[in-house]
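*Asks:* For reference, this is entry25.txt, and it has compact mmCIF, C-alpha atoms (C1' of nucleotides).
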```txt
# COMPACT_ATOMS: atom_id res chain seq x y z
CA MET A 21 6.24 -23.01 -19.28
CA GLN A 22 8.01 -23.82 -22.53
CA ASP A 23 9.87 -20.53 -22.16
CA TYR A 24 11.44 -21.78 -18.94
CA GLU A 25 14.31 -23.67 -20.60
CA ALA A 26 15.11 -20.77 -22.88
CA ARG A 27 15.05 -18.28 -20.02
CA LEU A 28 17.31 -20.47 -17.92
CA GLU A 29 19.80 -20.92 -20.74
CA HIS A 30 19.75 -17.21 -21.46
CA MET A 31 20.48 -16.35 -17.84
CA LEU A 32 23.29 -18.89 -17.70
CA SER A 33 24.82 -17.43 -20.85
CA ARG A 34 24.69 -13.93 -19.44
CA LEU A 35 26.47 -15.09 -16.30
CA ARG A 36 29.14 -16.93 -18.27
CA GLU A 37 29.62 -13.91 -20.54
CA GLY A 38 30.37 -11.85 -17.48
CA GLY A 39 32.97 -14.35 -16.30
CA GLN A 40 30.71 -15.47 -13.46
CA ARG A 41 30.86 -18.99 -12.14
CA ILE A 42 27.91 -21.35 -12.23
CA THR A 43 27.66 -22.82 -8.77
CA PRO A 44 24.99 -25.32 -7.66
CA GLN A 45 23.42 -22.63 -5.48
CA ARG A 46 23.24 -20.15 -8.33
CA LEU A 47 21.79 -22.75 -10.66
CA ALA A 48 19.07 -23.58 -8.14
CA ILE A 49 18.23 -19.89 -7.72
CA LEU A 50 18.13 -19.34 -11.48
CA ARG A 51 15.77 -22.27 -11.94
CA ILE A 52 13.30 -20.72 -9.53
CA LEU A 53 13.56 -17.27 -11.06
CA ALA A 54 13.31 -18.56 -14.63
CA SER A 55 9.85 -19.86 -13.90
CA SER A 56 9.02 -17.18 -11.30
CA GLU A 57 5.84 -18.88 -10.21
CA GLY A 58 4.06 -16.47 -7.92
CA HIS A 59 6.68 -13.73 -8.02
CA PRO A 60 8.76 -15.21 -5.17
CA SER A 61 10.41 -13.31 -2.34
CA VAL A 62 14.02 -13.90 -1.27
CA GLU A 63 12.71 -15.84 1.70
CA GLU A 64 10.67 -18.12 -0.54
CA ILE A 65 13.60 -18.71 -2.87
CA TYR A 66 15.79 -19.44 0.12
CA ASN A 67 13.32 -21.98 1.49
CA VAL A 68 13.26 -23.89 -1.79
CA VAL A 69 17.01 -23.78 -2.40
CA THR A 70 17.86 -25.05 1.07
CA ARG A 71 15.88 -28.24 0.42
CA ASP A 72 18.62 -29.31 -1.99
CA PHE A 73 21.48 -27.28 -0.52
CA PRO A 74 20.83 -26.98 3.20
CA THR A 75 23.86 -24.82 3.96
CA THR A 76 22.89 -22.09 1.50
CA SER A 77 22.72 -18.70 3.19
CA LEU A 78 20.31 -15.84 2.64
CA ALA A 79 23.32 -13.71 1.74
CA THR A 80 24.02 -15.91 -1.26
CA VAL A 81 20.45 -15.56 -2.49
CA TYR A 82 20.68 -11.77 -2.11
CA LYS A 83 24.06 -11.65 -3.86
CA THR A 84 22.84 -13.73 -6.78
CA ILE A 85 19.76 -11.57 -7.21
CA THR A 86 21.89 -8.43 -7.06
CA LEU A 87 24.02 -9.89 -9.82
CA LEU A 88 20.99 -10.65 -11.98
CA LYS A 89 19.56 -7.19 -11.38
CA GLU A 90 22.80 -5.67 -12.65
CA LEU A 91 22.49 -7.80 -15.77
CA GLY A 92 18.85 -6.77 -16.19
CA GLU A 93 17.77 -10.40 -15.95
CA VAL A 94 15.34 -10.07 -13.07
CA LEU A 95 12.59 -7.57 -12.28
CA GLU A 96 12.42 -6.38 -8.69
CA LEU A 97 9.06 -5.38 -7.25
CA GLU A 98 9.83 -3.19 -4.26
CA PHE A 99 7.73 -3.15 -1.11
CA SER A 100 8.84 -1.09 1.87
CA GLN A 101 6.76 -3.18 4.23
CA GLY A 102 7.25 -6.87 3.70
CA SER A 103 9.91 -8.23 1.37
CA ASN A 104 10.56 -7.47 -2.25
CA ARG A 105 9.28 -9.87 -4.91
CA TYR A 106 11.08 -11.00 -8.06
CA ASP A 107 10.18 -11.89 -11.63
CA GLY A 108 12.88 -13.59 -13.66
CA SER A 109 10.66 -14.83 -16.47
CA LYS A 110 9.68 -11.34 -17.64
CA PRO A 111 12.57 -9.20 -16.43
CA PHE A 112 11.27 -5.98 -17.96
CA PRO A 113 8.77 -3.48 -16.50
CA HIS A 114 5.17 -4.55 -17.02
CA PRO A 115 1.84 -3.97 -15.28
CA HIS A 116 0.56 -6.31 -12.59
CA VAL A 117 -2.97 -6.88 -11.37
CA VAL A 118 -2.94 -8.04 -7.77
CA CYS A 119 -5.88 -9.57 -5.90
CA THR A 120 -6.09 -7.93 -2.49
CA SER A 121 -7.78 -11.03 -1.09
CA CYS A 122 -5.95 -14.11 -2.42
CA LYS A 123 -2.78 -12.28 -3.56
CA SER A 124 -2.93 -13.82 -7.03
CA ILE A 125 -1.16 -11.81 -9.71
CA VAL A 126 -1.88 -11.65 -13.42
CA ASP A 127 -0.06 -9.74 -16.15
CA PRO A 128 -2.47 -7.76 -18.34
CA ASP A 129 -1.46 -6.78 -21.86
CA LEU A 130 -2.46 -3.12 -22.04
CA GLU A 131 -2.79 -1.51 -25.44
CA SER A 132 -3.00 1.93 -23.90
CA LEU A 133 0.38 1.69 -22.13
CA GLY A 134 2.43 3.18 -24.93
CA ALA A 135 0.04 6.09 -25.36
CA MET A 136 0.06 6.76 -21.64
CA THR A 137 3.86 6.82 -21.46
CA ALA A 138 3.90 9.27 -24.34
CA GLU A 139 1.34 11.41 -22.52
CA VAL A 140 3.54 11.46 -19.42
CA CYS A 141 6.62 12.56 -21.37
CA GLU A 142 4.77 15.24 -23.26
CA GLN A 143 3.09 16.66 -20.20
CA THR A 144 6.01 16.61 -17.74
CA GLY A 145 9.10 16.86 -19.92
CA TYR A 146 10.61 13.86 -18.11
CA LYS A 147 12.45 11.28 -20.18
CA VAL A 148 10.68 8.15 -18.96
CA VAL A 149 12.72 4.94 -19.03
CA ASN A 150 10.96 2.73 -16.54
CA HIS A 151 7.70 2.26 -14.68
CA ARG A 152 5.96 0.51 -11.85
CA MET A 153 2.31 -0.19 -12.47
CA ASP A 154 0.21 -2.26 -10.09
CA PHE A 155 -3.57 -2.46 -10.04
CA TYR A 156 -5.22 -3.75 -6.87
CA GLY A 157 -8.65 -5.28 -6.67
CA LEU A 158 -10.69 -8.46 -6.39
CA CYS A 159 -10.10 -11.29 -8.83
CA PRO A 160 -13.16 -13.01 -10.39
CA GLU A 161 -12.95 -15.92 -7.94
CA CYS A 162 -12.85 -13.72 -4.86
CA GLN A 163 -15.71 -11.59 -6.17
CA LYS A 164 -17.90 -14.70 -6.18
CA GLU A 165 -16.92 -15.63 -2.64
CA LYS A 166 -17.92 -12.21 -1.36
CA GLU A 167 -21.52 -12.62 -2.53
CA MET B 18 -2.32 26.50 -3.12
CA GLN B 19 -5.72 27.86 -2.17
CA ASP B 20 -6.66 24.30 -1.25
CA TYR B 21 -4.04 24.30 1.47
CA GLU B 22 -6.23 25.95 4.12
CA ALA B 23 -9.13 23.66 3.34
CA ARG B 24 -6.96 20.55 3.46
CA LEU B 25 -5.43 21.60 6.76
CA GLU B 26 -8.83 22.29 8.31
CA HIS B 27 -10.15 19.00 7.01
CA MET B 28 -7.26 17.06 8.53
CA LEU B 29 -7.67 18.87 11.84
CA SER B 30 -11.37 18.04 11.87
CA ARG B 31 -10.69 14.39 11.21
CA LEU B 32 -8.23 14.28 14.10
CA ARG B 33 -10.64 16.02 16.47
CA GLU B 34 -13.45 13.69 15.39
CA GLY B 35 -11.26 10.79 16.42
CA GLY B 36 -10.63 12.31 19.83
CA GLN B 37 -7.03 13.05 18.93
CA ARG B 38 -5.19 15.99 20.46
CA ILE B 39 -3.81 18.80 18.38
CA THR B 40 -0.27 19.33 19.58
CA PRO B 41 2.12 21.93 18.18
CA GLN B 42 4.21 19.14 16.65
CA ARG B 43 1.21 17.59 14.96
CA LEU B 44 0.04 20.93 13.66
CA ALA B 45 3.46 21.59 12.16
CA ILE B 46 3.49 18.17 10.49
CA LEU B 47 -0.04 18.66 9.14
CA ARG B 48 0.93 22.01 7.65
CA ILE B 49 3.73 20.40 5.69
CA LEU B 50 1.59 17.50 4.52
CA ALA B 51 -1.37 19.70 3.59
CA SER B 52 0.80 21.44 1.02
CA SER B 53 2.96 18.38 0.27
CA GLU B 54 5.43 20.34 -1.78
CA GLY B 55 7.74 17.80 -3.36
CA HIS B 56 6.20 14.72 -1.73
CA PRO B 57 8.34 14.93 1.39
CA SER B 58 10.02 12.06 3.19
CA VAL B 59 9.83 11.64 6.96
CA GLU B 60 13.38 12.94 7.18
CA GLU B 61 12.46 16.09 5.26
CA ILE B 62 9.38 16.70 7.40
CA TYR B 63 11.49 16.17 10.50
CA ASN B 64 14.07 18.70 9.32
CA VAL B 65 11.42 21.37 8.82
CA VAL B 66 9.51 20.70 12.02
CA THR B 67 12.65 20.82 14.17
CA ARG B 68 13.29 24.41 13.04
CA ASP B 69 10.30 25.51 15.12
CA PHE B 70 10.27 22.64 17.62
CA PRO B 71 13.88 21.54 18.04
CA THR B 72 13.14 18.70 20.44
CA THR B 73 10.73 16.93 18.09
CA SER B 74 11.71 13.33 17.49
CA LEU B 75 11.55 11.23 14.35
CA ALA B 76 9.27 8.85 16.25
CA THR B 77 6.66 11.57 16.61
CA VAL B 78 6.72 12.25 12.88
CA TYR B 79 6.31 8.54 12.16
CA LYS B 80 3.49 8.22 14.69
CA THR B 81 1.60 11.20 13.29
CA ILE B 82 1.88 9.86 9.76
CA THR B 83 0.69 6.43 10.88
CA LEU B 84 -2.34 8.13 12.39
CA LEU B 85 -3.11 10.01 9.19
CA LYS B 86 -2.68 6.87 7.12
CA GLU B 87 -5.29 5.13 9.26
CA LEU B 88 -7.65 8.03 8.63
CA GLY B 89 -6.93 7.88 4.90
CA GLU B 90 -5.66 11.46 4.98
CA VAL B 91 -2.22 10.85 3.55
CA LEU B 92 -0.97 8.78 0.62
CA GLU B 93 2.16 6.74 1.27
CA LEU B 94 4.51 6.05 -1.62
CA GLU B 95 6.56 3.02 -0.61
CA PHE B 96 10.16 2.58 -1.67
CA SER B 97 12.18 -0.35 -0.35
CA GLN B 98 15.45 1.43 -1.06
CA GLY B 99 15.44 4.98 0.20
CA SER B 100 12.69 6.38 2.37
CA ASN B 101 8.96 6.47 1.76
CA ARG B 102 7.41 9.70 0.51
CA TYR B 103 4.10 11.23 1.48
CA ASP B 104 1.31 13.18 -0.18
CA GLY B 105 -1.21 14.83 2.12
CA SER B 106 -2.71 17.19 -0.41
CA LYS B 107 -3.99 14.42 -2.69
CA PRO B 108 -4.44 11.44 -0.35
CA PHE B 109 -5.91 9.18 -3.03
CA PRO B 110 -4.12 6.95 -5.58
CA HIS B 111 -2.74 8.83 -8.55
CA PRO B 112 0.19 8.49 -10.96
CA HIS B 113 3.64 9.88 -10.12
CA VAL B 114 6.65 10.69 -12.23
CA VAL B 115 9.90 10.22 -10.32
CA CYS B 116 13.32 11.56 -11.33
CA THR B 117 15.87 8.80 -10.86
CA SER B 118 18.62 11.36 -10.39
CA CYS B 119 17.32 14.13 -8.10
CA LYS B 120 14.33 12.17 -6.71
CA SER B 121 11.87 14.95 -7.53
CA ILE B 122 8.28 13.80 -7.98
CA VAL B 123 5.53 15.41 -10.03
CA ASP B 124 1.87 14.47 -10.57
CA PRO B 125 0.86 14.12 -14.22
CA ASP B 126 -2.80 14.47 -15.14
CA LEU B 127 -3.36 11.52 -17.44
CA GLU B 128 -6.42 11.50 -19.69
CA SER B 129 -5.82 7.87 -20.57
CA LEU B 130 -5.96 6.62 -16.96
CA GLY B 131 -9.68 5.90 -16.95
CA ALA B 132 -9.49 4.05 -20.26
CA MET B 133 -6.56 1.97 -19.00
CA THR B 134 -8.33 0.99 -15.80
CA ALA B 135 -11.34 -0.04 -17.87
CA GLU B 136 -9.03 -2.08 -20.12
CA VAL B 137 -7.59 -3.87 -17.07
CA CYS B 138 -11.04 -4.74 -15.74
CA GLU B 139 -12.34 -5.93 -19.08
CA GLN B 140 -9.29 -8.03 -19.84
CA THR B 141 -8.75 -9.64 -16.44
CA GLY B 142 -12.21 -9.61 -14.84
CA TYR B 143 -10.70 -8.09 -11.68
CA LYS B 144 -12.67 -5.37 -9.92
CA VAL B 145 -9.93 -2.74 -9.61
CA VAL B 146 -10.21 -0.42 -6.61
CA ASN B 147 -6.69 0.93 -6.20
CA HIS B 148 -3.43 1.37 -8.04
CA ARG B 149 0.21 2.27 -7.79
CA MET B 150 1.55 3.95 -10.88
CA ASP B 151 5.06 5.39 -11.00
CA PHE B 152 7.00 6.43 -14.05
CA TYR B 153 10.77 6.72 -13.65
CA GLY B 154 13.08 8.86 -15.72
CA LEU B 155 15.12 12.04 -15.89
CA CYS B 156 13.45 15.35 -15.13
CA PRO B 157 14.09 18.30 -17.50
CA GLU B 158 16.69 19.78 -15.14
CA CYS B 159 18.68 16.58 -14.81
CA GLN B 160 18.56 16.02 -18.57
CA LYS B 161 20.38 19.33 -19.03
CA GLU B 162 23.05 18.42 -16.51
CA LYS B 163 23.82 15.20 -18.32
CA GLU B 164 24.82 17.05 -21.52
C1' DT C 24 -6.89 15.84 36.79
C1' DT C 25 -7.05 12.59 33.37
C1' DT C 26 -5.52 10.78 29.44
C1' DT C 27 -2.92 11.07 25.62
C1' DC C 28 1.34 12.48 23.34
C1' DT C 29 6.24 13.14 23.26
C1' DG C 30 10.96 11.87 23.00
C1' DC C 31 14.51 8.92 24.04
C1' DA C 32 16.49 4.54 23.28
C1' DA C 33 16.15 -0.06 22.22
C1' DA C 34 14.17 -3.31 19.09
C1' DT C 35 12.74 -4.94 14.55
C1' DG C 36 12.92 -6.58 9.78
C1' DC C 37 14.96 -6.61 5.40
C1' DT C 38 19.13 -6.14 3.08
C1' DT C 39 24.17 -5.43 2.59
C1' DT C 40 28.97 -6.01 3.76
C1' DG C 41 33.58 -7.97 5.48
C1' DC C 42 36.27 -11.64 5.71
C1' DA C 43 38.10 -16.34 6.22
C1' DT C 44 37.20 -20.71 4.07
C1' DG C 45 35.70 -23.64 0.37
C1' DG C 46 35.06 -24.91 -4.31
C1' DG C 47 34.64 -23.81 -9.67
C1' DA C 48 37.30 -23.57 -13.96
C1' DT D 9 46.44 -23.57 -8.93
C1' DC D 10 44.11 -19.22 -8.91
C1' DC D 11 40.44 -16.57 -7.92
C1' DC D 12 35.84 -16.13 -7.18
C1' DA D 13 31.76 -17.54 -4.46
C1' DT D 14 30.01 -19.04 -0.13
C1' DG D 15 28.40 -18.60 4.49
C1' DC D 16 28.67 -16.76 8.79
C1' DA D 17 28.24 -12.83 11.62
C1' DA D 18 28.11 -8.09 12.06
C1' DA D 19 26.68 -3.76 10.23
C1' DG D 20 23.21 -0.55 7.97
C1' DC D 21 18.80 1.80 7.34
C1' DA D 22 14.17 2.92 7.68
C1' DT D 23 10.68 2.19 10.66
C1' DT D 24 8.33 0.61 15.00
C1' DT D 25 7.81 -0.03 19.86
C1' DG D 26 8.13 0.52 25.13
C1' DC D 27 8.01 3.46 28.62
C1' DA D 28 8.59 7.44 31.85
C1' DG D 29 7.84 12.15 31.90
C1' DA D 30 5.34 16.19 29.71
C1' DA D 31 1.38 18.48 28.25
C1' DA D 32 -3.45 18.80 25.97
C1' DA D 33 -8.26 19.17 27.24
```
Translate the structure described by the file into structure tokens.

*Replies:*
Amino acid sequence: MQDYEARLEHMLSRLREGGQRITPQRLAILRILASSEGHPSVEEIYNVVTRDFPTTSLATVYKTITLLKELGEVLELEFSQGSNRYDGSKPFPHPHVVCTSCKSIVDPDLESLGAMTAEVCEQTGYKVVNHRMDFYGLCPECQKEKE
Amino acid sequence: MQDYEARLEHMLSRLREGGQRITPQRLAILRILASSEGHPSVEEIYNVVTRDFPTTSLATVYKTITLLKELGEVLELEFSQGSNRYDGSKPFPHPHVVCTSCKSIVDPDLESLGAMTAEVCEQTGYKVVNHRMDFYGLCPECQKEKE
DNA sequence: TTTTCTGCAAATGCTTTGCATGGGA
DNA sequence: TCCCATGCAAAGCATTTGCAGAAAA
């Protein structure tokens, strides 16, 4: 990821702008979110951070993520069963394609997204500002294994 | 809803097929889900059911819904903050438009959905079998109130 | 009569909060 | 030094579970 450095710097700037302090724990959390490999959960972030800072608490991870959500610098994928997942490298709504077998996630680039959003607004009268779009299925690898 | 009767009968049949008993509480819950006005939460279902059966417990509502989920006769919309919502009249994946203010939910009928799913498959190679598609925004009513 | 379902209460799992202490700036 | 952030523990919520009594079939 060559975008990683830029994302990290951007997040740090946003925190500083808001008069927030850059603590070692926060820096460690930001590093993980800036790359967002595998759309980590709070638990996963916590497990990585505590390698370097063993006393870090889950509460601190939650508080830092709450802060970043307020700044619009992290995307939260909500799941009512199981934990939420986070994407700090692309902190804006975008579609995900999730493999139901190996849990891999890819981000498709859908031409028809704009047209669909327009169709929603026109048909319902809602002023759409956000979306959650997940497709579930078998990735190419897992399709082969099922044969 | 002229489909309401048919949906209710279908759900009852599925329960009977599975050797499940039709209790007054279950019947009341099925009635609400078969019409699914407003994509009710467990709390909302509970509030209605207890009008006729005041001793009904939340646990019974949860257990009945779990049963219907296993039969594929209700669609669960998961939300990690706030309660889940349920659709028993259209128990298959379909797009929803959610008002971020009053929490109302409507079902748009999107022409472009098929094309988008095809685009996802073509671009990623995944075999898509399911989706979660929510649009968030202000409903017409809540737009007026904000003026 | 035989199971199964109900309803209460306790338990669970994720997340948030309160507060005293510690550590950035 | 002055606050803000941390970390612990407790609280909050939605949901699930265990079990004794109630009620379908």

*Asks:* Using all atoms listed in the file, find which residues of chain D lie within 9 Å of chain A and jot them down as a list in words.

*Replies:*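 The selection requested is DC12, DA13, DT14, DG15, DC16 and DA22 of chain D.
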
*Asks:* Neighbouring residues of Val69 of chain A were defined as those with any atom within 12 Å, considering only C-alpha atoms (C1' of nucleotides); residues of the same chain fewer than 2 positions away were excluded. Please report them as a PDB file with C-alpha atoms, keeping the file's coordinate frame.

*Replies:*
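The resulting out_4.pdb:
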```pdb
ATOM      1  CA  PRO A  44      24.990 -25.320  -7.660  1.00  0.00           C
ATOM      2  CA  GLN A  45      23.420 -22.630  -5.480  1.00  0.00           C
ATOM      3  CA  ARG A  46      23.240 -20.150  -8.330  1.00  0.00           C
ATOM      4  CA  LEU A  47      21.790 -22.750 -10.660  1.00  0.00           C
ATOM      5  CA  ALA A  48      19.070 -23.580  -8.140  1.00  0.00           C
ATOM      6  CA  ILE A  49      18.230 -19.890  -7.720  1.00  0.00           C
ATOM      7  CA  LEU A  50      18.130 -19.340 -11.480  1.00  0.00           C
ATOM      8  CA  ARG A  51      15.770 -22.270 -11.940  1.00  0.00           C
ATOM      9  CA  ILE A  52      13.300 -20.720  -9.530  1.00  0.00           C
ATOM     10  CA  LEU A  53      13.560 -17.270 -11.060  1.00  0.00           C
ATOM     11  CA  VAL A  62      14.020 -13.900  -1.270  1.00  0.00           C
ATOM     12  CA  GLU A  63      12.710 -15.840   1.700  1.00  0.00           C
ATOM     13  CA  GLU A  64      10.670 -18.120  -0.540  1.00  0.00           C
ATOM     14  CA  ILE A  65      13.600 -18.710  -2.870  1.00  0.00           C
ATOM     15  CA  TYR A  66      15.790 -19.440   0.120  1.00  0.00           C
ATOM     16  CA  ASN A  67      13.320 -21.980   1.490  1.00  0.00           C
ATOM     17  CA  ARG A  71      15.880 -28.240   0.420  1.00  0.00           C
ATOM     18  CA  ASP A  72      18.620 -29.310  -1.990  1.00  0.00           C
ATOM     19  CA  PHE A  73      21.480 -27.280  -0.520  1.00  0.00           C
ATOM     20  CA  PRO A  74      20.830 -26.980   3.200  1.00  0.00           C
ATOM     21  CA  THR A  75      23.860 -24.820   3.960  1.00  0.00           C
ATOM     22  CA  THR A  76      22.890 -22.090   1.500  1.00  0.00           C
ATOM     23  CA  SER A  77      22.720 -18.700   3.190  1.00  0.00           C
ATOM     24  CA  LEU A  78      20.310 -15.840   2.640  1.00  0.00           C
ATOM     25  CA  THR A  80      24.020 -15.910  -1.260  1.00  0.00           C
ATOM     26  CA  VAL A  81      20.450 -15.560  -2.490  1.00  0.00           C
TER      27      VAL A  81
END
```

*Asks:* Excluding same-chain residues fewer than 2 positions from segment 24-26 of chain C, what lies within 10 Å of it counting only C-alpha atoms (C1' of nucleotides), as a ChimeraX atom specification?

*Replies:* /C:28 /D:32-33

*Asks:* Could I get chain B fitted onto chain A (least squares, all C-alpha atoms, in order) as a compact mmCIF listing (two decimals) with C-alpha atoms, keeping the file's coordinate frame?

*Replies:*
```txt
# COMPACT_ATOMS: atom_id res chain seq x y z
CA MET B 18 6.70 -22.14 -20.69
CA GLN B 19 8.76 -22.95 -23.76
CA ASP B 20 10.68 -19.76 -23.06
CA TYR B 21 11.91 -21.19 -19.79
CA GLU B 22 14.87 -23.08 -21.28
CA ALA B 23 15.91 -20.08 -23.34
CA ARG B 24 15.68 -17.73 -20.37
CA LEU B 25 17.69 -20.08 -18.19
CA GLU B 26 20.40 -20.46 -20.81
CA HIS B 27 20.50 -16.73 -21.35
CA MET B 28 20.94 -16.05 -17.63
CA LEU B 29 23.66 -18.68 -17.39
CA SER B 30 25.48 -17.12 -20.32
CA ARG B 31 25.32 -13.69 -18.76
CA LEU B 32 26.79 -15.04 -15.53
CA ARG B 33 29.58 -16.87 -17.35
CA GLU B 34 30.34 -13.77 -19.42
CA GLY B 35 30.84 -11.90 -16.17
CA GLY B 36 33.25 -14.52 -14.89
CA GLN B 37 30.73 -15.70 -12.33
CA ARG B 38 30.68 -19.30 -11.14
CA ILE B 39 27.70 -21.54 -11.63
CA THR B 40 27.09 -23.18 -8.28
CA PRO B 41 24.30 -25.66 -7.57
CA GLN B 42 22.59 -23.05 -5.39
CA ARG B 43 22.73 -20.43 -8.10
CA LEU B 44 21.45 -22.85 -10.70
CA ALA B 45 18.50 -23.72 -8.48
CA ILE B 46 17.70 -20.05 -7.93
CA LEU B 47 17.97 -19.30 -11.66
CA ARG B 48 15.58 -22.13 -12.46
CA ILE B 49 12.95 -20.63 -10.20
CA LEU B 50 13.44 -17.12 -11.53
CA ALA B 51 13.49 -18.20 -15.18
CA SER B 52 9.94 -19.47 -14.80
CA SER B 53 8.94 -16.88 -12.17
CA GLU B 54 5.67 -18.58 -11.42
CA GLY B 55 3.77 -16.23 -9.14
CA HIS B 56 6.48 -13.57 -8.87
CA PRO B 57 8.23 -15.23 -5.94
CA SER B 58 9.63 -13.52 -2.87
CA VAL B 59 13.10 -14.28 -1.53
CA GLU B 60 11.47 -16.33 1.21
CA GLU B 61 9.58 -18.43 -1.33
CA ILE B 62 12.69 -18.99 -3.44
CA TYR B 63 14.58 -19.95 -0.30
CA ASN B 64 11.91 -22.47 0.68
CA VAL B 65 12.11 -24.20 -2.69
CA VAL B 66 15.89 -24.18 -2.97
CA THR B 67 16.36 -25.66 0.51
CA ARG B 68 14.39 -28.75 -0.54
CA ASP B 69 17.31 -29.78 -2.75
CA PHE B 70 20.08 -27.92 -0.92
CA PRO B 71 19.07 -27.82 2.75
CA THR B 72 22.06 -25.80 3.91
CA THR B 73 21.41 -22.90 1.55
CA SER B 74 21.16 -19.60 3.38
CA LEU B 75 18.90 -16.63 2.79
CA ALA B 76 22.03 -14.54 2.28
CA THR B 77 22.96 -16.59 -0.76
CA VAL B 78 19.54 -16.05 -2.29
CA TYR B 79 19.82 -12.31 -1.68
CA LYS B 80 23.34 -12.20 -3.11
CA THR B 81 22.36 -14.09 -6.25
CA ILE B 82 19.41 -11.79 -6.84
CA THR B 83 21.59 -8.72 -6.34
CA LEU B 84 23.91 -10.11 -8.99
CA LEU B 85 21.08 -10.66 -11.45
CA LYS B 86 19.69 -7.20 -10.78
CA GLU B 87 23.06 -5.70 -11.70
CA LEU B 88 22.98 -7.66 -14.95
CA GLY B 89 19.42 -6.50 -15.63
CA GLU B 90 18.23 -10.11 -15.68
CA VAL B 91 15.58 -9.84 -13.00
CA LEU B 92 12.87 -7.27 -12.29
CA GLU B 93 12.46 -6.28 -8.65
CA LEU B 94 9.03 -5.24 -7.43
CA GLU B 95 9.61 -3.21 -4.27
CA PHE B 96 7.18 -3.26 -1.38
CA SER B 97 8.03 -1.41 1.83
CA GLN B 98 5.61 -3.54 3.83
CA GLY B 99 6.02 -7.22 3.11
CA SER B 100 8.86 -8.60 1.04
CA ASN B 101 9.95 -7.67 -2.46
CA ARG B 102 8.90 -9.92 -5.34
CA TYR B 103 10.91 -10.91 -8.37
CA ASP B 104 10.30 -11.58 -12.05
CA GLY B 105 13.10 -13.28 -13.96
CA SER B 106 11.08 -14.33 -16.96
CA LYS B 107 10.19 -10.77 -17.99
CA PRO B 108 13.02 -8.66 -16.54
CA PHE B 109 11.77 -5.40 -18.05
CA PRO B 110 9.19 -2.93 -16.68
CA HIS B 111 5.61 -4.02 -17.18
CA PRO B 112 2.27 -3.58 -15.39
CA HIS B 113 1.22 -5.88 -12.54
CA VAL B 114 -2.12 -6.62 -10.96
CA VAL B 115 -1.78 -7.50 -7.28
CA CYS B 116 -4.44 -9.17 -5.11
CA THR B 117 -4.61 -7.32 -1.80
CA SER B 118 -5.91 -10.44 -0.09
CA CYS B 119 -3.88 -13.44 -1.30
CA LYS B 120 -0.96 -11.42 -2.75
CA SER B 121 -1.14 -13.18 -6.11
CA ILE B 122 0.27 -11.19 -9.02
CA VAL B 123 -0.63 -11.43 -12.70
CA ASP B 124 0.70 -9.59 -15.77
CA PRO B 125 -1.99 -7.89 -17.86
CA ASP B 126 -1.25 -7.12 -21.49
CA LEU B 127 -2.44 -3.54 -21.84
CA GLU B 128 -3.05 -2.14 -25.32
CA SER B 129 -3.37 1.36 -23.91
CA LEU B 130 0.10 1.39 -22.31
CA GLY B 131 1.89 2.87 -25.30
CA ALA B 132 -0.73 5.58 -25.73
CA MET B 133 -0.51 6.46 -22.03
CA THR B 134 3.27 6.74 -22.09
CA ALA B 135 2.98 9.00 -25.12
CA GLU B 136 0.40 11.10 -23.25
CA VAL B 137 2.79 11.46 -20.29
CA CYS B 138 5.64 12.60 -22.53
CA GLU B 139 3.52 15.04 -24.48
CA GLN B 140 1.93 16.55 -21.40
CA THR B 141 4.99 16.84 -19.16
CA GLY B 142 7.91 17.06 -21.60
CA TYR B 143 9.71 14.33 -19.64
CA LYS B 144 11.58 11.69 -21.62
CA VAL B 145 10.13 8.56 -19.99
CA VAL B 146 12.42 5.53 -19.92
CA ASN B 147 10.96 3.39 -17.15
CA HIS B 148 7.83 2.85 -15.12
CA ARG B 149 6.27 1.15 -12.16
CA MET B 150 2.64 0.29 -12.67
CA ASP B 151 0.70 -1.77 -10.14
CA PHE B 152 -3.03 -2.19 -9.90
CA TYR B 153 -4.39 -3.41 -6.57
CA GLY B 154 -7.65 -5.23 -6.02
CA LEU B 155 -9.32 -8.55 -5.36
CA CYS B 156 -8.57 -11.48 -7.63
CA PRO B 157 -11.51 -13.59 -8.91
CA GLU B 158 -10.88 -16.28 -6.28
CA CYS B 159 -10.84 -13.86 -3.37
CA GLN B 160 -13.97 -12.13 -4.66
CA LYS B 161 -15.83 -15.43 -4.33
CA GLU B 162 -14.61 -15.98 -0.79
CA LYS B 163 -15.90 -12.60 0.29
CA GLU B 164 -19.51 -13.51 -0.62
```

*Asks:* Can you tell me which residues surround Val123 of chain B at a distance of at most 10 Å, considering all atoms listed in the file, apart from same-chain residues fewer than 6 positions away, and format the answer as a PDB file with C-alpha atoms, keeping the file's coordinate frame?

*Replies:*
```pdb
ATOM      1  CA  THR A 144       6.010  16.610 -17.740  1.00  0.00           C
ATOM      2  CA  TYR A 146      10.610  13.860 -18.110  1.00  0.00           C
TER       3      TYR A 146
ATOM      4  CA  GLU B  54       5.430  20.340  -1.780  1.00  0.00           C
ATOM      5  CA  GLY B  55       7.740  17.800  -3.360  1.00  0.00           C
ATOM      6  CA  HIS B  56       6.200  14.720  -1.730  1.00  0.00           C
ATOM      7  CA  PRO B 112       0.190   8.490 -10.960  1.00  0.00           C
ATOM      8  CA  HIS B 113       3.640   9.880 -10.120  1.00  0.00           C
ATOM      9  CA  VAL B 114       6.650  10.690 -12.230  1.00  0.00           C
ATOM     10  CA  VAL B 115       9.900  10.220 -10.320  1.00  0.00           C
ATOM     11  CA  CYS B 116      13.320  11.560 -11.330  1.00  0.00           C
ATOM     12  CA  PHE B 152       7.000   6.430 -14.050  1.00  0.00           C
ATOM     13  CA  CYS B 156      13.450  15.350 -15.130  1.00  0.00           C
TER      14      CYS B 156
END
```
